[in-house]
Amino acid sequence: MERLFIRISYNDLSFAARDLQSKERMAYEQYSIHNGIAMAANFRNALKDGKLLSYSYKHATTLINSPVLLIPLQEFNADDVETLYHYTITGMEGNLVMYQELPNLNAVAIFCINKDLKLVIDEHFDEAQYLPLAYPVWNHLHRHSFTGVRKKLYVYFHDKQMEVCSFDKNRFKFCNSFDADNAHDAVYYILYVWQQLGYNAQHDEIHIMGNVPETEWMMEVLHHHVQKVVHNLQLSIDNNQIPFDLQVLFAEQT
């Protein structure tokens with residue numbers, strides 16, 4: 001096994017790797033974190049206790065769930081990354097600020113990671129890559145946006161949050177993240193964005209995926225306002241326990 005895929009959210013730590021013997025061609029393991037200790041300490045414990053981490057990996061790709069600042073590629077200056085990030089997003093002081101280019105979308109995503117956590121990962125692997133959690137989903141949905149002639153609004157639910165985005169050719173038309181613990185609030189945000197973008201209720205589409213709260217109720221309410229609402233974009237990996245972002249990342253990098 002050459003590459004390990006790591007997913008780190010606020011209260012979640014999980015791992016994936018290629019497994020040619022399984023139906024999904026993917027081995028997946030969720031580690032039960034201890035809330036009383038830092039994520040870096042949880043990761044050290046996972047290195048000792050986790051089944052997947054008992055194998056030797058040279059490379060790791062890590063998805064980090066932290067606030068993201070998007071900058072147009074033509075306006076990006078690497079020297080300004082830390083200043084821009086902390087000016088725009090508060091409460092992340094003390095973390096290491098990183099960035100990832102999205103060349104197909106003419107944008108750069110700036111995000112952050114706990115310094116101690118990154119040190120633990122860097123020490124354990126010969127090569128470690130870090131990406132914002134929504135990065136593979138953005139790329140996947142951008143490609144999907146070219147199918148058909150309808151405009152599309154995409155909503156990805158994960159970790160009691162939702163990523164709402166749409167695309168106009170090779171750029172974001174809209175991209176933002178909202179708290180989504182409450183399904184009623186989520187529907188309000190979705191329809192508000194839909195209205196602000198000026199989409200057509202009879203012609204355009206909403207695509208919803210991920211860990212959707214109160215799925216049946218939400219779909220019913222959205223259908224009252226928008227004719228075409230699609231739940232889930234299917235991948236070859238048919239396992240609802242594996243987060244959609246990790247499925248997409250795995251499919252793209254293996």
# chains A, B, ... in the order shown; residues from 1 in each chain; ligands from 1
$ residues_around --residues "region 102-106 of chain A" --least-positions-apart "3" --cutoff "9 Å" --atoms "only C-alpha atoms" --output "number ranges by chain"
A: 71-74, 109, 135, 138-139, 142, 167, 169-172
$ residues_around --residues "Glu214 (chain A)" --least-positions-apart "4" --cutoff "9 Å" --atoms "only C-alpha atoms" --output "list in words"
Asn182, Ala183, Met218 and Met219 of chain A
$ residues_around --residues "Leu131 (chain A)" --least-positions-apart "2" --cutoff "7 Å" --atoms "only C-alpha atoms" --output "list of chain:residue names"
A:Thr62, A:Leu63, A:Ile64, A:Gln100, A:Gln129, A:Leu133, A:Tyr135
$ write_last_selection --atoms "N, CA, C and O atoms" --output "mmCIF file, in the first residue's frame"
data_model
loop_
_atom_site.group_PDB
_atom_site.id
_atom_site.type_symbol
_atom_site.label_atom_id
_atom_site.label_comp_id
_atom_site.auth_asym_id
_atom_site.auth_seq_id
_atom_site.Cartn_x
_atom_site.Cartn_y
_atom_site.Cartn_z
ATOM 1 N N THR A 62 -4.206 14.345 2.730
ATOM 2 C CA THR A 62 -5.053 14.681 3.873
ATOM 3 C C THR A 62 -6.063 15.754 3.502
ATOM 4 O O THR A 62 -5.701 16.819 2.988
ATOM 5 N N LEU A 63 -7.339 15.463 3.771
ATOM 6 C CA LEU A 63 -8.405 16.450 3.635
ATOM 7 C C LEU A 63 -8.620 17.121 4.987
ATOM 8 O O LEU A 63 -8.822 16.442 5.995
ATOM 9 N N ILE A 64 -8.563 18.449 5.008
ATOM 10 C CA ILE A 64 -8.691 19.211 6.240
ATOM 11 C C ILE A 64 -9.974 20.040 6.198
ATOM 12 O O ILE A 64 -10.195 20.813 5.270
ATOM 13 N N GLN A 100 -4.052 26.020 -1.803
ATOM 14 C CA GLN A 100 -4.087 25.052 -2.887
ATOM 15 C C GLN A 100 -4.699 25.711 -4.107
ATOM 16 O O GLN A 100 -5.804 26.263 -4.041
ATOM 17 N N GLN A 129 0.519 15.455 1.374
ATOM 18 C CA GLN A 129 -0.218 16.474 0.635
ATOM 19 C C GLN A 129 -1.423 16.897 1.468
ATOM 20 O O GLN A 129 -2.096 16.063 2.071
ATOM 21 N N LEU A 133 -11.073 20.310 2.595
ATOM 22 C CA LEU A 133 -11.969 19.153 2.504
ATOM 23 C C LEU A 133 -12.856 19.196 1.259
ATOM 24 O O LEU A 133 -13.132 18.158 0.654
ATOM 25 N N TYR A 135 -12.166 20.444 -1.641
ATOM 26 C CA TYR A 135 -11.399 20.534 -2.890
ATOM 27 C C TYR A 135 -11.787 19.470 -3.923
ATOM 28 O O TYR A 135 -12.094 19.813 -5.082
#
$ closest_atom_pairs --of "region 144-189 of chain A" --to "region 198-204 of chain A" --cutoff "8 Å" --atoms "only C-alpha atoms" --output "JSON lines"
{"residue": "A:Arg150", "atom": "CA", "partner": "A:Asp204", "partner_atom": "CA", "distance": 5.0}
{"residue": "A:Lys151", "atom": "CA", "partner": "A:Asp204", "partner_atom": "CA", "distance": 5.0}
{"residue": "A:Lys152", "atom": "CA", "partner": "A:Asp204", "partner_atom": "CA", "distance": 6.0}
$ closest_atom_pairs --of "region 54-166 of chain A" --to "region 1-22 of chain A" --cutoff "12 Å" --atoms "only C-alpha atoms" --output "JSON lines"
{"residue": "A:Ser54", "atom": "CA", "partner": "A:Met1", "partner_atom": "CA", "distance": 10.9}
{"residue": "A:Tyr55", "atom": "CA", "partner": "A:Met1", "partner_atom": "CA", "distance": 7.3}
{"residue": "A:Ser56", "atom": "CA", "partner": "A:Met1", "partner_atom": "CA", "distance": 6.8}
{"residue": "A:Tyr57", "atom": "CA", "partner": "A:Glu2", "partner_atom": "CA", "distance": 5.0}
{"residue": "A:Lys58", "atom": "CA", "partner": "A:Glu2", "partner_atom": "CA", "distance": 5.7}
{"residue": "A:His59", "atom": "CA", "partner": "A:Arg3", "partner_atom": "CA", "distance": 4.7}
{"residue": "A:Ala60", "atom": "CA", "partner": "A:Leu4", "partner_atom": "CA", "distance": 4.7}
{"residue": "A:Thr61", "atom": "CA", "partner": "A:Phe5", "partner_atom": "CA", "distance": 5.0}
{"residue": "A:Thr62", "atom": "CA", "partner": "A:Ile6", "partner_atom": "CA", "distance": 4.5}
{"residue": "A:Leu63", "atom": "CA", "partner": "A:Arg7", "partner_atom": "CA", "distance": 4.8}
{"residue": "A:Ile64", "atom": "CA", "partner": "A:Ile8", "partner_atom": "CA", "distance": 5.2}
{"residue": "A:Asn65", "atom": "CA", "partner": "A:Ser9", "partner_atom": "CA", "distance": 4.8}
{"residue": "A:Ser66", "atom": "CA", "partner": "A:Ser9", "partner_atom": "CA", "distance": 7.6}
{"residue": "A:Pro67", "atom": "CA", "partner": "A:Ser9", "partner_atom": "CA", "distance": 11.0}
{"residue": "A:Cys112", "atom": "CA", "partner": "A:Ile8", "partner_atom": "CA", "distance": 11.9}
{"residue": "A:Ile113", "atom": "CA", "partner": "A:Ile8", "partner_atom": "CA", "distance": 9.7}
{"residue": "A:Asn114", "atom": "CA", "partner": "A:Ile8", "partner_atom": "CA", "distance": 10.8}
{"residue": "A:Leu117", "atom": "CA", "partner": "A:Ile8", "partner_atom": "CA", "distance": 10.0}
{"residue": "A:Lys118", "atom": "CA", "partner": "A:Ile8", "partner_atom": "CA", "distance": 11.1}
{"residue": "A:Ile121", "atom": "CA", "partner": "A:Ile6", "partner_atom": "CA", "distance": 9.8}
{"residue": "A:His124", "atom": "CA", "partner": "A:Leu4", "partner_atom": "CA", "distance": 11.3}
{"residue": "A:Phe125", "atom": "CA", "partner": "A:Leu4", "partner_atom": "CA", "distance": 9.4}
{"residue": "A:Asp126", "atom": "CA", "partner": "A:Arg3", "partner_atom": "CA", "distance": 10.5}
{"residue": "A:Glu127", "atom": "CA", "partner": "A:Arg3", "partner_atom": "CA", "distance": 9.5}
{"residue": "A:Ala128", "atom": "CA", "partner": "A:Leu4", "partner_atom": "CA", "distance": 9.5}
{"residue": "A:Gln129", "atom": "CA", "partner": "A:Phe5", "partner_atom": "CA", "distance": 9.7}
{"residue": "A:Tyr130", "atom": "CA", "partner": "A:Ile6", "partner_atom": "CA", "distance": 9.4}
{"residue": "A:Leu131", "atom": "CA", "partner": "A:Arg7", "partner_atom": "CA", "distance": 9.8}
{"residue": "A:Pro132", "atom": "CA", "partner": "A:Ile8", "partner_atom": "CA", "distance": 9.9}
{"residue": "A:Leu133", "atom": "CA", "partner": "A:Arg7", "partner_atom": "CA", "distance": 7.7}
{"residue": "A:Ala134", "atom": "CA", "partner": "A:Arg7", "partner_atom": "CA", "distance": 11.0}
{"residue": "A:His158", "atom": "CA", "partner": "A:Ser9", "partner_atom": "CA", "distance": 9.5}
{"residue": "A:Asp159", "atom": "CA", "partner": "A:Ser9", "partner_atom": "CA", "distance": 7.4}
{"residue": "A:Lys160", "atom": "CA", "partner": "A:Tyr10", "partner_atom": "CA", "distance": 10.3}
{"residue": "A:Gln161", "atom": "CA", "partner": "A:Ser9", "partner_atom": "CA", "distance": 10.9}
$ closest_residue --among "A:Trp217, A:Gln247, A:Gln30, A:Ala38" --to "Leu52 (chain A)" --atoms "only C-alpha atoms"
A:Gln30
$ residues_around --residues "region 82-94 of chain A" --least-positions-apart "3" --cutoff "7 Å" --atoms "only C-alpha atoms" --output "count of residues only"
3
$ closest_residue --among "A:Tyr192, A:Asp185, A:Val155, A:Asp245" --to "Val230 (chain A)" --atoms "only C-alpha atoms"
A:Val155
$ residues_around --residues "Val193 (chain A)" --least-positions-apart "6" --cutoff "12 Å" --atoms "only C-alpha atoms" --output "PDB file with C-alpha atoms, in the first residue's frame"
ATOM      1  CA  LYS A 152     -27.101  23.810 -11.508  1.00  0.00           C
ATOM      2  CA  LEU A 153     -26.832  24.674  -7.833  1.00  0.00           C
ATOM      3  CA  TYR A 154     -24.876  22.101  -5.819  1.00  0.00           C
ATOM      4  CA  VAL A 155     -25.265  21.457  -2.096  1.00  0.00           C
ATOM      5  CA  GLU A 163     -21.096  23.638   0.953  1.00  0.00           C
ATOM      6  CA  VAL A 164     -23.198  25.518  -1.598  1.00  0.00           C
ATOM      7  CA  CYS A 165     -21.648  26.239  -4.988  1.00  0.00           C
ATOM      8  CA  SER A 166     -22.371  26.860  -8.638  1.00  0.00           C
ATOM      9  CA  LYS A 173     -20.365  31.688  -9.769  1.00  0.00           C
ATOM     10  CA  PHE A 174     -21.040  31.169  -6.056  1.00  0.00           C
ATOM     11  CA  CYS A 175     -19.315  29.299  -3.239  1.00  0.00           C
ATOM     12  CA  ASN A 176     -19.978  29.478   0.482  1.00  0.00           C
ATOM     13  CA  SER A 177     -20.278  27.289   3.560  1.00  0.00           C
ATOM     14  CA  PHE A 178     -23.128  27.347   6.085  1.00  0.00           C
ATOM     15  CA  ALA A 186     -30.524  24.658   5.445  1.00  0.00           C
ATOM     16  CA  VAL A 187     -33.546  24.899   3.154  1.00  0.00           C
ATOM     17  CA  TYR A 199     -32.124  30.603 -11.372  1.00  0.00           C
ATOM     18  CA  ILE A 206     -30.545  21.660  -7.487  1.00  0.00           C
TER      19      ILE A 206
END
$ atom_distance --atom1 "CA of Val149 (chain A)" --atom2 "CA of Gln253 (chain A)"
28.8 Å
$ select_by_dssp --residues "region 17-215 of chain A" --states "helix (DSSP H, G or I)" --output "ChimeraX atom specification"
/A:39-49,52-54,73-75,78-88,103-105,115-124,135-144,183-197,215
